[in-house]
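As stored in query12.txt (compact mmCIF, C-alpha atoms):
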# COMPACT_ATOMS: atom_id res chain seq x y z
CA MET A 1364 -4.81 -54.13 -12.15
CA LYS A 1365 -6.77 -53.04 -15.20
CA LYS A 1366 -9.84 -52.77 -12.98
CA ILE A 1367 -7.99 -50.43 -10.59
CA VAL A 1368 -6.85 -48.22 -13.45
CA TYR A 1369 -10.37 -48.03 -14.87
CA LEU A 1370 -11.93 -47.24 -11.50
CA SER A 1371 -9.28 -44.64 -10.64
CA SER A 1372 -9.75 -42.78 -13.90
CA ILE A 1373 -13.52 -42.75 -13.42
CA VAL A 1374 -13.16 -41.33 -9.91
CA LEU A 1375 -10.63 -38.70 -11.04
CA VAL A 1376 -12.81 -37.49 -13.90
CA ALA A 1377 -15.87 -37.34 -11.65
CA VAL A 1378 -13.97 -35.39 -8.98
CA PHE A 1379 -12.60 -32.78 -11.40
CA GLY A 1380 -15.90 -32.54 -13.20
CA PHE A 1381 -17.82 -31.60 -10.04
CA THR A 1382 -15.43 -29.64 -7.85
CA THR A 1383 -13.54 -27.05 -9.96
CA ILE A 1384 -14.49 -23.63 -8.53
CA GLN A 1385 -14.11 -20.68 -10.89
CA THR A 1386 -14.01 -17.07 -9.69
CA GLN A 1387 -13.31 -13.75 -11.36
CA ASP A 1388 -11.32 -11.14 -9.45
CA ASN A 1389 -10.55 -7.63 -10.73
CA CYS A 1390 -8.76 -6.37 -7.61
CA ASP A 1391 -5.75 -4.34 -8.84
CA LYS A 1392 -4.57 -3.08 -5.46
CA LYS A 1393 -1.70 -0.97 -6.74
CA THR A 1394 -3.87 1.02 -9.18
CA ILE A 1395 -6.68 1.37 -6.66
CA THR A 1396 -4.25 2.70 -4.02
CA THR A 1397 -2.82 5.24 -6.47
CA ASN A 1398 -6.31 6.47 -7.37
CA LEU A 1399 -7.40 6.64 -3.73
CA LYS A 1400 -4.32 8.68 -2.82
CA LYS A 1401 -5.11 11.26 -5.52
CA LYS A 1402 -8.61 11.79 -4.11
CA LEU A 1403 -7.26 12.05 -0.55
CA GLU A 1404 -5.25 15.24 -1.14
CA PRO A 1405 -4.83 17.58 0.77
CA PHE A 1406 -5.47 15.21 3.69
CA LYS A 1407 -2.47 13.25 4.99
CA TYR A 1408 -2.54 9.47 4.53
CA ASP A 1409 -3.41 7.55 7.71
CA SER A 1410 -4.58 4.07 6.75
CA GLN A 1411 -6.37 2.01 4.16
CA LYS A 1412 -8.26 -1.27 3.98
CA PHE A 1413 -9.08 -3.69 1.21
CA THR A 1414 -12.05 -5.96 1.86
CA LYS A 1415 -12.49 -9.07 -0.25
CA ILE A 1416 -16.13 -9.48 -1.34
CA ASN A 1417 -17.46 -12.89 -2.35
CA PHE A 1418 -20.92 -12.84 -3.91
CA THR A 1419 -22.96 -15.80 -2.68
CA LYS A 1420 -26.61 -16.80 -2.74
CA LYS A 1421 -27.01 -15.05 0.63
CA ALA A 1422 -26.90 -11.28 1.16
CA GLN A 1423 -24.14 -10.13 3.54
CA GLU A 1424 -23.46 -7.22 5.87
CA LEU A 1425 -19.75 -6.63 6.45
CA GLU A 1426 -18.62 -3.98 8.92
CA VAL A 1427 -15.30 -2.20 9.43
CA GLU A 1428 -14.78 -0.23 12.64
CA VAL A 1429 -12.67 2.91 12.17
CA PRO A 1430 -11.69 4.73 15.39
CA VAL A 1431 -11.39 8.50 14.92
CA PHE A 1432 -10.71 11.39 17.27
CA ILE A 1433 -12.52 14.61 18.13
CA GLY A 1434 -10.58 17.63 16.95
CA GLU A 1435 -9.19 15.96 13.85
CA LYS A 1436 -10.67 16.37 10.37
CA TYR A 1437 -11.04 13.21 8.33
CA ARG A 1438 -11.63 12.28 4.73
CA VAL A 1439 -12.59 8.76 3.68
CA VAL A 1440 -12.27 7.82 0.01
CA PHE A 1441 -13.85 4.66 -1.39
CA ASN A 1442 -13.02 2.76 -4.56
CA THR A 1443 -15.36 0.08 -5.92
CA SER A 1444 -13.64 -0.52 -9.28
CA GLY A 1445 -12.53 -3.96 -8.09
CA LEU A 1446 -16.11 -5.23 -7.81
CA PRO A 1447 -17.90 -7.24 -10.53
CA LYS A 1448 -21.32 -6.17 -9.15
CA PRO A 1449 -22.40 -3.07 -7.20
CA ILE A 1450 -22.80 -3.02 -3.41
CA ASN A 1451 -24.18 -0.39 -1.02
CA ILE A 1452 -21.92 1.47 1.39
CA ASN A 1453 -23.07 3.19 4.58
CA ILE A 1454 -21.16 4.94 7.33
CA TYR A 1455 -22.66 4.94 10.83
CA THR A 1456 -21.54 6.27 14.19
CA LYS A 1457 -22.70 3.12 16.01
CA ASP A 1458 -22.05 -0.57 15.34
CA LYS A 1459 -24.51 -2.89 13.63
CA GLU A 1460 -25.70 -4.36 16.95
CA SER A 1461 -27.06 -0.94 17.99
CA LYS A 1462 -30.80 -0.57 17.90
CA LYS A 1463 -31.04 3.00 16.68
CA ARG A 1464 -28.53 4.28 14.23
CA GLU A 1465 -28.61 6.59 11.26
CA ALA A 1466 -26.20 6.69 8.37
CA VAL A 1467 -24.04 9.80 8.07
CA TYR A 1468 -23.04 8.80 4.54
CA THR A 1469 -24.56 6.47 1.92
CA VAL A 1470 -23.55 5.14 -1.48
CA LYS A 1471 -26.23 3.07 -3.18
CA ASP A 1472 -28.00 2.23 -6.45
CA LEU A 1473 -24.69 2.10 -8.30
CA LYS A 1474 -24.83 1.21 -11.97
CA PRO A 1475 -22.32 -1.19 -13.55
CA GLY A 1476 -19.77 0.85 -15.52
CA GLY A 1477 -20.66 4.01 -13.57
CA GLU A 1478 -18.86 5.98 -10.87
CA THR A 1479 -16.40 4.00 -8.71
CA GLU A 1480 -14.77 6.64 -6.46
CA PHE A 1481 -16.55 8.33 -3.59
CA VAL A 1482 -15.36 10.95 -1.12
CA PHE A 1483 -16.69 11.53 2.40
CA ASP A 1484 -15.50 14.47 4.51
CA ALA A 1485 -16.49 13.45 8.01
CA PRO A 1486 -18.18 15.79 10.50
CA ARG A 1487 -17.13 15.71 14.17
CA LEU A 1488 -17.29 12.00 15.14
CA ARG A 1489 -15.86 9.63 17.74
CA LYS A 1490 -16.17 6.46 15.70
CA MET A 1491 -17.05 5.38 12.20
CA PHE A 1492 -18.55 2.06 11.24
CA ILE A 1493 -18.29 1.40 7.53
CA ASP A 1494 -20.90 -1.13 6.40
CA TYR A 1495 -20.83 -2.94 3.10
CA SER A 1496 -24.22 -4.38 2.10
CA VAL A 1497 -23.48 -7.15 -0.39
CA PRO A 1498 -26.57 -8.30 -2.33
CA ALA A 1499 -27.30 -11.95 -2.93
CA ASP A 1500 -26.17 -13.31 -6.28
CA SER A 1501 -28.76 -15.72 -7.67
CA THR A 1502 -26.25 -16.99 -10.26
CA ALA A 1503 -23.76 -18.14 -7.59
CA SER A 1504 -23.23 -21.88 -7.39
CA PRO A 1505 -20.82 -24.24 -5.66
CA THR A 1506 -18.69 -24.21 -8.83
CA GLN A 1507 -18.94 -20.55 -9.87
CA LYS A 1508 -18.74 -17.46 -7.66
CA LEU A 1509 -18.07 -13.81 -8.40
CA SER A 1510 -15.58 -12.02 -6.16
CA GLY A 1511 -13.71 -8.76 -6.03
CA CYS A 1512 -12.67 -6.07 -3.57
CA VAL A 1513 -13.75 -2.73 -2.21
CA ALA A 1514 -11.20 -0.37 -0.66
CA PHE A 1515 -11.16 2.78 1.40
CA MET A 1516 -8.42 5.15 2.44
CA VAL A 1517 -8.50 7.43 5.50
CA GLY A 1518 -6.73 10.79 5.63
CA TYR A 1519 -6.60 13.44 8.34
CA LYS A 1520 -5.50 17.02 8.90
CA MET B 97 -23.63 -61.49 -29.17
CA LEU B 98 -24.85 -60.70 -25.70
CA LEU B 99 -22.68 -58.38 -23.58
CA ASN B 100 -21.60 -59.97 -20.33
CA LYS B 101 -22.26 -58.20 -17.01
CA LYS B 102 -18.66 -57.10 -16.52
CA THR B 103 -18.37 -55.50 -19.91
CA LEU B 104 -21.74 -53.78 -19.45
CA VAL B 105 -20.69 -52.24 -16.12
CA ARG B 106 -17.34 -51.14 -17.52
CA LYS B 107 -18.82 -49.53 -20.63
CA GLY B 108 -21.53 -47.89 -18.54
CA ALA B 109 -18.97 -46.40 -16.16
CA MET B 110 -16.87 -45.07 -19.05
CA LEU B 111 -19.95 -43.47 -20.59
CA PHE B 112 -20.82 -41.87 -17.24
CA ALA B 113 -17.29 -40.51 -16.77
CA SER B 114 -17.22 -39.12 -20.33
CA SER B 115 -20.54 -37.35 -19.82
CA MET B 116 -19.17 -35.75 -16.60
CA LEU B 117 -16.21 -34.47 -18.59
CA PHE B 118 -18.50 -32.89 -21.20
CA ILE B 119 -20.67 -31.26 -18.52
CA SER B 120 -17.67 -29.65 -16.74
CA CYS B 121 -16.32 -28.41 -20.08
CA GLY B 122 -19.76 -26.95 -20.84
CA SER B 123 -19.72 -24.87 -17.62
CA GLU B 124 -16.50 -23.01 -18.54
CA THR B 125 -16.79 -19.26 -18.94
CA PRO B 126 -17.98 -18.20 -22.42
CA LYS B 127 -15.25 -16.62 -24.57
CA GLU B 128 -16.93 -13.19 -24.74
CA GLU B 129 -16.66 -12.66 -20.92
CA GLU B 130 -13.39 -11.24 -19.65
CA VAL B 131 -11.66 -13.53 -17.19
CA VAL B 132 -8.91 -11.71 -15.30
CA VAL B 133 -7.97 -14.43 -12.82
CA VAL B 134 -9.23 -17.95 -12.58
CA ASP B 135 -8.82 -19.17 -9.05
CA THR B 136 -9.36 -22.82 -8.40
CA VAL B 137 -8.79 -22.58 -4.63
CA ALA B 138 -11.74 -22.50 -2.22
CA VAL B 139 -13.00 -18.93 -1.78
CA GLU B 140 -12.32 -17.34 1.64
CA GLU B 141 -15.21 -15.49 3.28
CA SER B 142 -14.44 -12.02 4.72
CA GLU B 143 -14.86 -11.46 8.48
CA GLU B 144 -18.25 -9.93 9.30
CA VAL B 145 -16.61 -7.30 11.54
CA SER B 146 -13.05 -6.09 11.01
CA TYR B 147 -10.99 -3.16 12.26
CA ASN B 148 -8.99 -0.38 10.67
CA LEU B 149 -6.58 1.07 13.23
CA PRO B 150 -5.01 4.55 12.91
CA SER B 151 -1.31 5.22 12.29
CA PRO B 152 1.33 5.95 14.95
CA LEU B 153 1.93 9.30 13.26
CA GLN B 154 -1.68 10.37 13.79
CA ILE B 155 -1.51 9.50 17.50
CA ALA B 156 1.73 11.47 17.89
CA SER B 157 0.16 14.37 16.00
CA ILE B 158 -2.86 14.39 18.34
CA PHE B 159 -0.65 14.54 21.41
CA LYS B 160 1.49 17.26 19.84
CA LYS B 161 -1.59 19.39 19.15
CA SER B 162 -2.67 18.96 22.78
CA GLY B 163 0.53 20.71 23.86
CA LEU B 164 2.83 17.75 24.49
CA LYS B 165 6.36 19.16 24.52
CA TYR B 166 9.54 17.28 23.79
CA LYS B 167 11.26 15.73 26.82
CA ASP B 168 14.75 14.34 26.39
CA GLY B 169 15.29 10.73 27.51
CA ILE B 170 11.62 9.75 27.62
CA THR B 171 11.62 7.68 24.42
CA SER B 172 13.02 4.18 24.18
CA THR B 173 16.75 4.13 24.92
CA GLN B 174 16.90 0.45 24.02
CA LYS B 175 19.09 0.41 20.91
CA ASP B 176 20.15 -3.25 20.96
CA ILE B 177 17.63 -4.84 18.63
CA THR B 178 19.28 -8.27 18.87
CA LYS B 179 17.25 -8.64 22.10
CA TYR B 180 14.13 -8.98 19.95
CA THR B 181 14.24 -12.55 18.74
CA THR B 182 10.59 -13.41 18.09
CA LYS B 183 8.33 -12.04 15.38
CA LEU B 184 6.04 -10.66 18.10
CA SER B 185 8.77 -8.73 19.95
CA LYS B 186 10.20 -7.41 16.67
CA ALA B 187 6.81 -6.15 15.49
CA ILE B 188 5.91 -4.65 18.89
CA ASN B 189 9.19 -2.75 19.03
CA LEU B 190 8.88 -1.63 15.43
CA GLY B 191 5.73 0.02 16.76
CA VAL B 192 7.59 1.50 19.74
CA TYR B 193 10.28 2.95 17.49
CA SER B 194 7.64 4.20 15.01
CA ALA B 195 5.98 6.15 17.82
CA ASP B 196 9.36 7.54 18.92
CA LEU B 197 10.20 8.42 15.31
CA SER B 198 6.92 10.35 14.98
CA TYR B 199 7.44 12.10 18.34
CA THR B 200 10.96 13.23 17.50
CA VAL B 201 10.03 14.33 13.95
CA LEU B 202 7.07 16.41 15.16
CA ASN B 203 9.30 18.03 17.79
CA LYS B 204 12.08 18.85 15.33
CA GLN B 205 14.63 16.52 16.96
CA SER B 206 16.26 15.60 13.64
CA GLN B 207 19.27 13.61 14.87
CA GLU B 208 17.14 11.49 17.21
CA ALA B 209 14.61 11.05 14.38
CA MET B 210 17.38 9.74 12.12
CA ASN B 211 18.42 7.26 14.82
CA TYR B 212 14.86 5.94 15.19
CA MET B 213 14.46 5.74 11.43
CA LYS B 214 17.54 3.50 11.28
CA LEU B 215 16.22 1.32 14.11
CA CYS B 216 12.86 0.99 12.34
CA ARG B 217 14.68 -0.05 9.18
CA GLN B 218 16.73 -2.66 11.02
CA LEU B 219 13.68 -4.20 12.69
CA ALA B 220 11.74 -4.12 9.44
CA ASP B 221 14.62 -5.99 7.77
CA ASN B 222 14.54 -8.58 10.57
CA LEU B 223 10.81 -9.01 9.98
CA GLY B 224 11.41 -9.47 6.25
CA ILE B 225 9.64 -6.25 5.24
CA GLY B 226 12.64 -3.90 4.98
CA SER B 227 12.19 -3.44 1.21
CA VAL B 228 9.37 -0.94 1.90
CA PHE B 229 12.01 1.59 2.96
CA ASP B 230 13.54 1.44 -0.52
CA GLN B 231 10.28 2.20 -2.30
CA GLY B 232 10.21 5.72 -3.72
CA ASN B 233 13.67 6.35 -2.19
CA LEU B 234 12.04 6.92 1.19
CA SER B 235 15.18 6.36 3.27
CA ALA B 236 17.29 8.67 1.10
CA ARG B 237 14.58 11.37 1.06
CA PHE B 238 14.24 11.19 4.82
CA GLU B 239 17.95 11.84 5.28
CA LYS B 240 17.88 14.67 2.75
CA ASN B 241 14.97 16.45 4.48
CA LEU B 242 16.12 16.18 8.10
CA SER B 243 15.68 19.89 8.76
CA ASN B 244 12.11 20.05 7.39
CA GLU B 245 9.44 18.76 9.82
CA ASP B 246 6.60 18.90 7.27
CA SER B 247 8.56 16.95 4.66
CA LEU B 248 9.60 14.32 7.21
CA ALA B 249 5.99 13.87 8.37
CA TYR B 250 4.89 13.47 4.74
CA ILE B 251 7.61 10.87 4.15
CA ILE B 252 6.57 8.91 7.26
CA ALA B 253 2.95 8.93 6.02
CA GLU B 254 4.14 7.62 2.64
CA LEU B 255 6.19 4.93 4.38
CA GLN B 256 3.06 3.93 6.31
CA MET B 257 1.12 3.60 3.05
CA VAL B 258 3.68 1.40 1.29
CA THR B 259 4.03 -0.73 4.43
CA ASP B 260 0.24 -1.22 4.65
CA MET B 261 0.17 -2.25 0.97
CA TYR B 262 3.07 -4.65 1.36
CA LEU B 263 1.62 -6.36 4.44
CA ASP B 264 -1.81 -6.65 2.79
CA GLU B 265 -0.41 -8.13 -0.43
CA ASN B 266 1.73 -10.60 1.52
CA GLU B 267 -1.11 -11.69 3.83
CA GLN B 268 0.69 -10.32 6.90
CA GLN B 269 -2.04 -7.97 8.11
CA GLU B 270 -1.52 -9.13 11.70
CA ILE B 271 1.81 -7.26 11.76
CA THR B 272 -0.11 -3.99 11.30
CA SER B 273 -2.14 -4.62 14.47
CA ILE B 274 0.89 -5.67 16.50
CA VAL B 275 2.94 -2.67 15.37
CA PHE B 276 0.11 -0.31 16.23
CA ALA B 277 -0.32 -1.85 19.69
CA GLY B 278 3.38 -1.23 20.38
CA ALA B 279 3.16 2.31 19.03
CA TRP B 280 0.02 3.11 21.01
CA VAL B 281 1.52 1.92 24.31
CA GLU B 282 4.68 3.96 23.65
CA SER B 283 2.65 7.09 22.80
CA MET B 284 0.55 6.66 25.93
CA TYR B 285 3.72 6.20 27.97
CA VAL B 286 5.25 9.41 26.60
CA GLY B 287 1.97 11.31 27.08
CA SER B 288 1.36 10.08 30.62
CA LYS B 289 4.97 10.75 31.68
CA ALA B 290 4.68 14.27 30.31
CA TYR B 291 1.44 14.72 32.29
CA GLU B 292 3.24 13.78 35.52
CA LYS B 293 5.28 16.98 35.20
CA ALA B 294 2.85 19.36 33.49
CA LYS B 295 -0.62 18.31 34.82
CA ASP B 296 -2.09 19.81 31.65
CA LYS B 297 -5.92 19.52 31.30
CA GLU B 298 -5.79 19.15 27.53
CA LEU B 299 -3.26 16.33 27.85
CA ASN B 300 -5.48 14.70 30.48
CA ASN B 301 -8.39 14.74 27.99
CA LYS B 302 -6.24 13.24 25.26
CA LEU B 303 -5.09 10.40 27.51
CA SER B 304 -8.68 9.43 28.31
CA GLU B 305 -9.73 9.92 24.67
CA GLN B 306 -6.99 7.52 23.57
CA MET B 307 -8.30 4.91 26.00
CA THR B 308 -11.51 4.74 23.91
CA ILE B 309 -9.65 2.97 21.11
CA LEU B 310 -8.05 0.36 23.35
CA LYS B 311 -11.08 -1.89 22.94
CA SER B 312 -10.71 -1.67 19.14
CA ILE B 313 -7.01 -2.55 19.42
CA VAL B 314 -7.81 -5.58 21.60
CA ASN B 315 -10.55 -6.72 19.20
CA ALA B 316 -8.27 -6.31 16.18
CA LEU B 317 -5.54 -8.35 17.90
CA LYS B 318 -8.02 -11.05 18.92
CA ALA B 319 -9.14 -11.35 15.30
CA ASP B 320 -5.49 -11.92 14.34
CA VAL B 321 -4.78 -14.64 16.93
CA LYS B 322 -5.84 -17.22 14.34
CA ARG B 323 -3.03 -15.97 12.06
CA ASP B 324 -0.45 -16.06 14.87
CA ALA B 325 -1.21 -17.67 18.23
CA ALA B 326 1.62 -15.74 19.93
CA ILE B 327 -0.53 -12.60 19.68
CA SER B 328 -2.60 -13.91 22.61
CA THR B 329 0.14 -12.77 25.06
CA LEU B 330 -0.06 -9.27 23.61
CA VAL B 331 -3.85 -9.38 23.95
CA ALA B 332 -3.40 -10.22 27.65
CA ASP B 333 -1.04 -7.24 28.12
CA MET B 334 -3.44 -4.81 26.46
CA GLU B 335 -6.40 -6.19 28.44
CA ALA B 336 -4.40 -5.64 31.64
CA ILE B 337 -4.26 -1.91 30.82
CA GLN B 338 -7.96 -2.00 29.96
CA ALA B 339 -8.76 -3.61 33.33
CA VAL B 340 -6.95 -0.91 35.33
CA TYR B 341 -8.72 1.84 33.40
CA ALA B 342 -12.17 0.26 33.79
CA GLU B 343 -11.81 0.29 37.58
CA LEU B 344 -11.14 4.03 37.84
CA ALA B 345 -14.00 5.89 39.54
CA SER B 346 -14.22 8.57 36.83
CA VAL B 347 -14.57 5.88 34.17
CA LYS B 348 -17.26 4.01 36.10
CA ALA B 349 -19.20 7.26 36.51
CA PHE B 350 -18.96 8.15 32.80
CA ASN B 351 -22.14 8.09 30.74
CA ALA B 352 -21.21 6.55 27.39
CA GLU B 353 -24.62 7.44 25.92
CA ASP B 354 -23.86 11.16 26.13
CA GLU B 355 -21.89 11.80 22.95
CA ASN B 356 -20.60 15.14 24.23
CA ALA B 357 -19.38 13.85 27.57
CA GLU B 358 -15.66 13.65 28.33
CA ILE B 359 -13.81 11.80 31.04
CA ASN B 360 -11.62 13.89 33.33
CA LEU B 361 -9.24 11.67 35.24
CA SER B 362 -7.92 12.82 38.59
CA ASP B 363 -4.14 13.09 39.04
CA GLU B 364 -4.27 9.98 41.21
CA GLU B 365 -6.13 8.08 38.48
CA VAL B 366 -3.66 9.16 35.80
CA ALA B 367 -0.88 7.93 38.09
CA GLN B 368 -2.55 4.50 38.42
CA LEU B 369 -2.97 4.25 34.64
CA THR B 370 0.60 5.47 34.03
CA LYS B 371 1.99 2.80 36.38
CA LYS B 372 0.33 0.01 34.39
CA ILE B 373 1.27 1.47 31.01
CA GLU B 374 4.88 1.84 32.16
CA GLU B 375 4.96 -1.79 33.32
CA ILE B 376 3.69 -3.08 29.96
CA ARG B 377 5.90 -0.69 28.00
CA ASN B 378 9.02 -1.82 29.86
CA LYS B 379 8.05 -5.44 29.27
CA PHE B 380 7.89 -4.66 25.53
CA ILE B 381 11.23 -2.85 25.25
CA ASN B 382 13.07 -5.37 27.40
CA GLY B 383 12.08 -8.12 24.97
Could I get this file's structure written as structure tokens?
Amino acid sequence: MKKIVYLSSIVLVAVFGFTTIQTQDNCDKKTITTNLKKKLEPFKYDSQKFTKINFTKKAQELEVEVPVFIGEKYRVVFNTSGLPKPININIYTKDKESKKREAVYTVKDLKPGGETEFVFDAPRLRKMFIDYSVPADSTASPTQKLSGCVAFMVGYK
Amino acid sequence: MLLNKKTLVRKGAMLFASSMLFISCGSETPKEEEVVVVDTVAVEESEEVSYNLPSPLQIASIFKKSGLKYKDGITSTQKDITKYTTKLSKAINLGVYSADLSYTVLNKQSQEAMNYMKLCRQLADNLGIGSVFDQGNLSARFEKNLSNEDSLAYIIAELQMVTDMYLDENEQQEITSIVFAGAWVESMYVGSKAYEKAKDKELNNKLSEQMTILKSIVNALKADVKRDAAISTLVADMEAIQAVYAELASVKAFNAEDENAEINLSDEEVAQLTKKIEEIRNKFING
């Protein structure tokens, strides 16, 4: 019995010692939504999307497809205040599988503590593909990862 | 005194366990860094491709701008919501009523708009999301502004925003896709029925333009099947509409590479598409 107790406590300590994963998340959705809405005026609210970003040892390309319609005017507002590290944002008119595509809007080289709200008034488009380029995080480990969120809001008139 | 083997192993194991404890304590976040939330659950990776669908109000607005006039009796006359017993049928018909609400608001049909607002509220309550109508006094403001189309449209947009927030915070994003699918089918039904009478070229263009987002709707629903397996039946319904459209001669002849090209469906083709949309729409509203 004593042996079982000893062995169990050793296993438990080893398990907790190795497998606790710690993350930091600054995603205040309510505040971010309020701030996005302010930047959207005078466009009417249509939709919004929060994307959770996990920084890992590998770089990532995340894409959001946003159908739009000819004849409507659109504004897209981004908020990156929920991110612990900067990412790049590009808007394309074709998806990431397309061979030739050019960005119609780019946000890059952001500095920590700098600007976090960005406004894009779209030209005449049929589709938008919003791409988030998440850089690799060399400090990421199985027990410690940074995470946060990026959000955008779409308005039309 | 020599230590026996048992004691040696035991003491060695205790030393090992203690050192593991010290190491894990040592990897805690330093006090000077700000920790907002410490999450000890495995981190979920975001989907590589996701979809952001438009609102029912935008679709109704697009059809209105194309010249779609109000036609009495064309919207859902199904007022008995007790027929909708599953989460899927409730969410689909919340979409149907949302589209009808937008259509009646934009065409200044205030009493009908009030009826659809009440039906939306009832279905939202049945889905467990009815509290969104109480945020910012939206229901009360809607009733107070019944004679003002612009104010009502603004209130519907605000309702959409609080609903999107609520569903996102409560990990129910699949309801957004289902609701939009229901709303889109209803809007297409109203638009195509109006075309039967008017044969308006602008309306014809809008019907084919709306078909370009059907693939996005199907893909968004497919991504949500893992949240709710019942969505697969809705996927099948939407793909059935997609299949009819893909077989139309004008669609087969269309050059998707030409960004300025538009599809002009013949009256016969619109009739074929309308027939399928009507079939799926009736399936939705009959529960």
| Residue with smallest distance to Ile327 in chain B - pool B:Arg217, B:Asp196, B:Leu344, B:Glu270, counting only C-alpha atoms |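 That would be B:Glu270, the residue with the smallest distance to Ile327 in chain B.
Distance check against Asn203 in chain B using all atoms listed in the file: of B:Phe350, B:Phe380, B:Phe159, B:Tyr147, the minimum falls on B:Phe159.
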Edge lengths and centre in Å to one decimal, as lines of an AutoDock Vina configuration file, is what I'm after for the box along x, y and z that holds all listed atoms of range 1406-1411 of chain A once 3 Å is added on each side.
center_x = -4.4
center_y = 8.6
center_z = 5.7
size_x = 9.9
size_y = 19.2
size_z = 10.0
| How many Å separate CA of Ala325 in chain B from CA of Tyr341 in chain B? |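 CA of Ala325 in chain B sits 25.8 Å away from CA of Tyr341 in chain B.
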| said: Can you pull out the residues contacting Phe1413 in chain A? Cut-off 9 Å, using all atoms listed in the file, and skip same-chain residues under 2 positions away; I want them as a ChimeraX atom specification. | reply: /A:1392,1411,1415,1512-1516 /B:264
| field | Among listed residues B:Asn211, B:Ser198, B:Ser362, B:Thr370, nearest Thr173 in chain B (using all atoms listed in the file) | value |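 Using all atoms listed in the file, Thr173 in chain B sits closest to B:Asn211.
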| note | CA of Val1431 in chain A sits from CA of Val314 in chain B at a separation of 16.0 Å
| field | Residues within 7 Å of (-5.2, 5.6, 14.1), counting only C-alpha atoms, listed as a list in words | value | Asp1409, Pro1430 and Val1431 of chain A; Leu149, Pro150, Ser151, Pro152, Gln154 and Ile155 of chain B
| task | Mind giving me the straight-line distance from CA of Val347 in chain B to CA of Glu1426 in chain A in Å, one decimal? | result | 27.4 Å
| task | Pick out the residues sitting within 12 Å of Arg323 in chain B, and hand them over as an MDAnalysis selection string; count all atoms listed in the file, and ignore anything fewer than 4 positions along from it in its own chain. | result | chainID B and resid 267:271 273:274 316:319 327:328
| field | Proximity to chain B - best of A:Asn1442, A:Asn1453, A:Gln1423, A:Asn1398, only C-alpha atoms | value |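 For chain B, the nearest of the candidates is A:Gln1423.
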| task | May I have the residues within 7 Å of range 1482-1494 of chain A as a list of chain:residue names, using only C-alpha atoms and disregarding those fewer than 6 positions away in the same chain? | result |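 Near range 1482-1494 of chain A, the qualifying residues are A:Glu1424, A:Leu1425, A:Glu1426, A:Val1427, A:Glu1428, A:Val1429, A:Pro1430, A:Val1431, A:Phe1432, A:Ile1433, A:Lys1436, A:Tyr1437, A:Arg1438, A:Val1439, A:Val1440, A:Phe1441, A:Ile1452, A:Asn1453, A:Ile1454, A:Tyr1455, A:Thr1456, A:Lys1457, A:Asp1458.
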Just C-alpha atoms for this one: save the residues we selected as an mmCIF file, in the frame of the given file.
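Produced file result.cif, reproduced below:
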data_model
loop_
_atom_site.group_PDB
_atom_site.id
_atom_site.type_symbol
_atom_site.label_atom_id
_atom_site.label_comp_id
_atom_site.auth_asym_id
_atom_site.auth_seq_id
_atom_site.Cartn_x
_atom_site.Cartn_y
_atom_site.Cartn_z
ATOM 1 C CA GLU A 1424 -23.460 -7.220 5.870
ATOM 2 C CA LEU A 1425 -19.750 -6.630 6.450
ATOM 3 C CA GLU A 1426 -18.620 -3.980 8.920
ATOM 4 C CA VAL A 1427 -15.300 -2.200 9.430
ATOM 5 C CA GLU A 1428 -14.780 -0.230 12.640
ATOM 6 C CA VAL A 1429 -12.670 2.910 12.170
ATOM 7 C CA PRO A 1430 -11.690 4.730 15.390
ATOM 8 C CA VAL A 1431 -11.390 8.500 14.920
ATOM 9 C CA PHE A 1432 -10.710 11.390 17.270
ATOM 10 C CA ILE A 1433 -12.520 14.610 18.130
ATOM 11 C CA LYS A 1436 -10.670 16.370 10.370
ATOM 12 C CA TYR A 1437 -11.040 13.210 8.330
ATOM 13 C CA ARG A 1438 -11.630 12.280 4.730
ATOM 14 C CA VAL A 1439 -12.590 8.760 3.680
ATOM 15 C CA VAL A 1440 -12.270 7.820 0.010
ATOM 16 C CA PHE A 1441 -13.850 4.660 -1.390
ATOM 17 C CA ILE A 1452 -21.920 1.470 1.390
ATOM 18 C CA ASN A 1453 -23.070 3.190 4.580
ATOM 19 C CA ILE A 1454 -21.160 4.940 7.330
ATOM 20 C CA TYR A 1455 -22.660 4.940 10.830
ATOM 21 C CA THR A 1456 -21.540 6.270 14.190
ATOM 22 C CA LYS A 1457 -22.700 3.120 16.010
ATOM 23 C CA ASP A 1458 -22.050 -0.570 15.340
#
